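**Student:** Mind having a look at this structure? Questions to follow.
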Amino acid sequence: MTSFDIARLADILRDASRKETLTRFRRLDSGQVRVKSEAIDLVTEADEAAERRIKADVAAAWPEALFVGEESVAADPALLDRLDAADFAIVVDPVDGTANFAAGLPLYATMASVVVKGETVAGIIYDPMGDDWVLAEKGAGAWQKRPDGSSWRLQVATPPSLDQMVGYSSIAFLPSATKPQVLANFAKVRVVANYRVAGHEYRTFAAGHAHFICYNKLMPWDHLVGTLISQEAGGHVARFDGSAYLPSHRTGGLIVATDKDTWDLLRREVFTV
């Protein structure tokens with residue numbers, strides 16, 4: 001792999017998101033929003049335009065990289081299989097939180113992760129509304145940065161007792177057989193929310209404003225960047241069976257917690273899947 005400049009990738013995401021999503025926010029007509037697999041799985045003209053721009057800029061900067069975008073995979077599912085064997089790949093979600101974006105809710109993100117030989121080594125979550133990035137490189141911590149150059153390091157929260165924990169869980173894809181029990185278990189914690197945008201849930205967790213996150217559906221553009229940022233901010237990440245989460249995983253669920261003890265407690269008392 002050639003020398004990788006995370007700042008350059010951050011600028012690419014910002015440029016594409018501001019030009020292709022902000023200009024269309026609350027300006028989409030019905031013909032610019034389509035259903036993909038089901039009613040809660042949408043794609044808009046902004047998703048596709050942003051991904052095209054990011055793909056072209058990534059190709060110019062790193063022509064040797066395999067580009068894996070959410071919309072590119074929707075058009076060619078076989079592309080996802082190439083990620084597992086790639087020496088160097090950049091995985092992109094052009095609009096994370098498309099349902100929010102399409103509804104005119106200002107809570108969405110543009111995300112990218114860098115995968116080298118099956119390991120996530122860098123990642124960025126850009127918020128076009130706040131015009132800032134949360135990013136991480138493996139072993140270098142998690143940081144929030146602004147275009148003016150200011151930055152600060154992120155650190156997960158100190159865990160409270162179970163009944164005071166705040167977290168996020170995407171319940172739509174929980175196993176149907178165990179979903180009723182998990183929903184009942186939510187009474188054991190203080191708050192469980194769902195922003196319908198993984199990027200902002202990961203950002204909030206890494207900044208110390210929540211204590212856990214849980215997902216079941218594992219698409220790489222949704223979780224590679226967020227899990228790396230969470231780990232670099234001091235959190236503990238594992239699939240439901242306790243194994244490490246890797247770019248090759250599509251199933252097995254995911255729990256992100258402030259530390260291993262909290263992960264174990266949540267897995268035992270709440271996420272009894």
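Residue numbers start at 1 in each chain; chains themselves are named A, B, ... in the order of the structure tokens; ligands are numbered from 1 in the order shown.
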So which residues touch range 7-22 of chain A within 6 Å, counting only C-alpha atoms, skipping near sequence neighbours fewer than 6 positions away, as a PDB file with C-alpha atoms, in the first residue's frame?

**Tutor:**
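Result written to result.pdb:
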```pdb
ATOM      1  CA  ALA A  46     -27.776  12.495  -3.212  1.00  0.00           C
ATOM      2  CA  ALA A  50     -21.976  11.720  -3.500  1.00  0.00           C
ATOM      3  CA  ARG A  53     -17.783  11.991  -6.599  1.00  0.00           C
TER       4      ARG A  53
END
```

**Student:** Check range 81-240 of chain A with DSSP on the backbone and list each residue it calls strand (DSSP E or B), as an NGL selection string.

**Tutor:** :A and (88-96 or 109-116 or 119-127 or 132-137 or 142-145 or 151-153 or 166-169 or 191-193 or 212-215 or 236-238)

**Student:** Considering only C-alpha atoms, tabulate each residue of range 68-130 of chain A that lies at most 8 Å from range 200-221 of chain A along with its nearest interatomic pair and the corresponding distance in Å to one decimal; arrange the rows by chain and ascending residue number and present them as a tab-separated table.

**Tutor:**
```
residue	atom	partner	partner_atom	distance
A:Gly69	CA	A:Trp221	CA	7.3
A:Glu70	CA	A:Trp221	CA	6.6
A:Val91	CA	A:Trp221	CA	5.8
A:Val92	CA	A:Trp221	CA	5.6
A:Asp93	CA	A:Trp221	CA	5.3
A:Leu107	CA	A:His200	CA	7.5
A:Tyr108	CA	A:His200	CA	7.3
A:Ala109	CA	A:His200	CA	7.2
A:Met111	CA	A:Trp221	CA	7.3
A:Ala112	CA	A:Trp221	CA	7.0
A:Ser113	CA	A:Trp221	CA	7.4
A:Ile125	CA	A:Arg203	CA	7.7
```

**Student:** Let me see the file: selected residues, N, CA and C atoms, as an mmCIF file, in the first residue's frame.

**Tutor:**
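The result, written out as result-v7.cif:
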```cif
data_model
loop_
_atom_site.group_PDB
_atom_site.id
_atom_site.type_symbol
_atom_site.label_atom_id
_atom_site.label_comp_id
_atom_site.auth_asym_id
_atom_site.auth_seq_id
_atom_site.Cartn_x
_atom_site.Cartn_y
_atom_site.Cartn_z
ATOM 1 N N GLY A 69 -18.324 0.910 -2.192
ATOM 2 C CA GLY A 69 -19.344 1.848 -1.748
ATOM 3 C C GLY A 69 -20.679 1.148 -1.590
ATOM 4 N N GLU A 70 -21.502 1.652 -0.702
ATOM 5 C CA GLU A 70 -22.806 1.015 -0.477
ATOM 6 C C GLU A 70 -23.609 0.946 -1.762
ATOM 7 N N VAL A 91 -13.772 1.763 2.009
ATOM 8 C CA VAL A 91 -15.187 1.399 2.104
ATOM 9 C C VAL A 91 -15.975 2.655 2.470
ATOM 10 N N VAL A 92 -17.019 2.952 1.702
ATOM 11 C CA VAL A 92 -17.698 4.246 1.826
ATOM 12 C C VAL A 92 -19.204 4.089 1.957
ATOM 13 N N ASP A 93 -19.765 4.860 2.866
ATOM 14 C CA ASP A 93 -21.214 5.075 2.933
ATOM 15 C C ASP A 93 -21.440 6.547 2.622
ATOM 16 N N LEU A 107 -29.806 14.815 10.444
ATOM 17 C CA LEU A 107 -28.977 13.876 11.191
ATOM 18 C C LEU A 107 -28.577 12.744 10.250
ATOM 19 N N TYR A 108 -27.492 12.976 9.542
ATOM 20 C CA TYR A 108 -26.944 11.975 8.639
ATOM 21 C C TYR A 108 -25.440 12.221 8.565
ATOM 22 N N ALA A 109 -24.718 11.313 7.924
ATOM 23 C CA ALA A 109 -23.264 11.414 7.899
ATOM 24 C C ALA A 109 -22.716 10.811 6.614
ATOM 25 N N MET A 111 -19.319 8.499 5.555
ATOM 26 C CA MET A 111 -18.336 7.711 6.287
ATOM 27 C C MET A 111 -17.415 6.962 5.329
ATOM 28 N N ALA A 112 -16.197 6.748 5.786
ATOM 29 C CA ALA A 112 -15.241 5.939 5.023
ATOM 30 C C ALA A 112 -14.317 5.217 5.984
ATOM 31 N N SER A 113 -13.931 4.017 5.606
ATOM 32 C CA SER A 113 -12.943 3.258 6.371
ATOM 33 C C SER A 113 -11.895 2.709 5.423
ATOM 34 N N ILE A 125 -15.814 9.686 10.095
ATOM 35 C CA ILE A 125 -17.239 10.004 10.046
ATOM 36 C C ILE A 125 -17.352 11.519 9.919
#
```

**Student:** Show which residues sit within 12 Å of Ala122 in chain A, as a PyMOL selection string. Count only C-alpha atoms, and ignore same-chain residues fewer than 4 positions away.

**Tutor:** chain A and resi 4-7+9-10+88-91+111-116+134-143+224-232

**Student:** Would you mind listing, for every residue of range 138-207 of chain A within 10 Å of range 246-260 of chain A, the two atoms forming the shortest contact and the distance between them in Å to one decimal, using only C-alpha atoms, sorted by chain and ascending residue number, as JSON lines?

**Tutor:**
```
{"residue": "A:Gln155", "atom": "CA", "partner": "A:Thr258", "partner_atom": "CA", "distance": 9.4}
{"residue": "A:Val156", "atom": "CA", "partner": "A:Thr258", "partner_atom": "CA", "distance": 6.0}
{"residue": "A:Ala157", "atom": "CA", "partner": "A:Thr258", "partner_atom": "CA", "distance": 6.5}
{"residue": "A:Thr158", "atom": "CA", "partner": "A:Thr258", "partner_atom": "CA", "distance": 7.0}
{"residue": "A:Pro159", "atom": "CA", "partner": "A:Thr258", "partner_atom": "CA", "distance": 6.3}
{"residue": "A:Pro160", "atom": "CA", "partner": "A:Thr258", "partner_atom": "CA", "distance": 9.9}
{"residue": "A:Gly167", "atom": "CA", "partner": "A:Ala257", "partner_atom": "CA", "distance": 9.0}
{"residue": "A:Tyr168", "atom": "CA", "partner": "A:Val256", "partner_atom": "CA", "distance": 9.7}
{"residue": "A:Ser169", "atom": "CA", "partner": "A:Ile255", "partner_atom": "CA", "distance": 9.2}
{"residue": "A:Phe173", "atom": "CA", "partner": "A:Gly253", "partner_atom": "CA", "distance": 9.4}
{"residue": "A:Leu174", "atom": "CA", "partner": "A:Gly253", "partner_atom": "CA", "distance": 8.4}
{"residue": "A:Pro175", "atom": "CA", "partner": "A:Gly253", "partner_atom": "CA", "distance": 9.5}
{"residue": "A:Tyr202", "atom": "CA", "partner": "A:Val256", "partner_atom": "CA", "distance": 9.1}
{"residue": "A:Phe205", "atom": "CA", "partner": "A:Thr258", "partner_atom": "CA", "distance": 8.4}
{"residue": "A:Ala206", "atom": "CA", "partner": "A:Thr258", "partner_atom": "CA", "distance": 8.8}
```

**Student:** With only C-alpha atoms as the counted atoms, please give the residues lying no more than 12 Å from Thr98 in chain A, apart from itself and same-chain residues fewer than 3 positions off, as a ChimeraX atom specification.

**Tutor:** /A:21,25,33-36,39-48,70-71,93-95,101-110,195-199,222

**Student:** Deliver the residues from the most recent selection as a file, using C-alpha atoms, as a tab-separated table (two decimals), in the first residue's frame.

**Tutor:**
```tsv
chain	number	residue	atom	x	y	z
A	21	THR	CA	-26.00	16.33	-0.04
A	25	PHE	CA	-31.24	18.56	1.59
A	33	VAL	CA	-36.03	8.89	-3.62
A	34	ARG	CA	-36.37	5.16	-4.29
A	35	VAL	CA	-36.96	2.04	-2.22
A	36	LYS	CA	-34.24	-0.62	-2.51
A	39	ALA	CA	-39.68	0.51	2.85
A	40	ILE	CA	-37.00	1.40	5.41
A	41	ASP	CA	-34.16	0.87	2.90
A	42	LEU	CA	-33.99	3.96	0.72
A	43	VAL	CA	-31.59	5.49	-1.78
A	44	THR	CA	-31.68	9.06	-3.02
A	45	GLU	CA	-30.11	11.01	-5.84
A	46	ALA	CA	-27.78	12.50	-3.21
A	47	ASP	CA	-26.46	9.06	-2.15
A	48	GLU	CA	-25.58	8.17	-5.72
A	70	GLU	CA	-22.81	1.02	-0.48
A	71	GLU	CA	-24.44	2.03	-3.74
A	93	ASP	CA	-21.21	5.08	2.93
A	94	PRO	CA	-22.03	8.28	1.04
A	95	VAL	CA	-25.15	9.05	3.10
A	101	PHE	CA	-32.00	12.65	4.96
A	102	ALA	CA	-35.00	11.81	2.80
A	103	ALA	CA	-37.35	12.90	5.60
A	104	GLY	CA	-35.58	16.24	5.95
A	105	LEU	CA	-34.06	15.43	9.33
A	106	PRO	CA	-30.60	17.00	9.76
A	107	LEU	CA	-28.98	13.88	11.19
A	108	TYR	CA	-26.94	11.98	8.64
A	109	ALA	CA	-23.26	11.41	7.90
A	110	THR	CA	-20.72	10.49	5.25
A	195	TYR	CA	-31.08	7.69	15.68
A	196	ARG	CA	-31.38	5.55	12.51
A	197	VAL	CA	-27.85	6.62	11.63
A	198	ALA	CA	-24.96	4.53	12.92
A	199	GLY	CA	-22.42	7.27	12.26
A	222	ASP	CA	-22.02	0.94	8.54
```

**Student:** So what do you get for CA of Ala85 in chain A versus CA of Lys117 in chain A, distance-wise?

**Tutor:**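 That distance, rounded to one decimal, is 6.9 Å.
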
**Student:** Which residue out of A:Ser30, A:Thr178, A:Gly97, A:Thr120 has the minimum interatomic distance to Asp84 in chain A when only C-alpha atoms are used?

**Tutor:**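 For Asp84 in chain A, the nearest of the given residues is A:Thr120.
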
**Student:** I'd like to know which of A:Asp87, A:Arg190, A:Leu66, A:Gln164 is closest to Gly118 in chain A, using only C-alpha atoms.

**Tutor:**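 The shortest atom-to-atom distance to Gly118 in chain A comes from A:Asp87.
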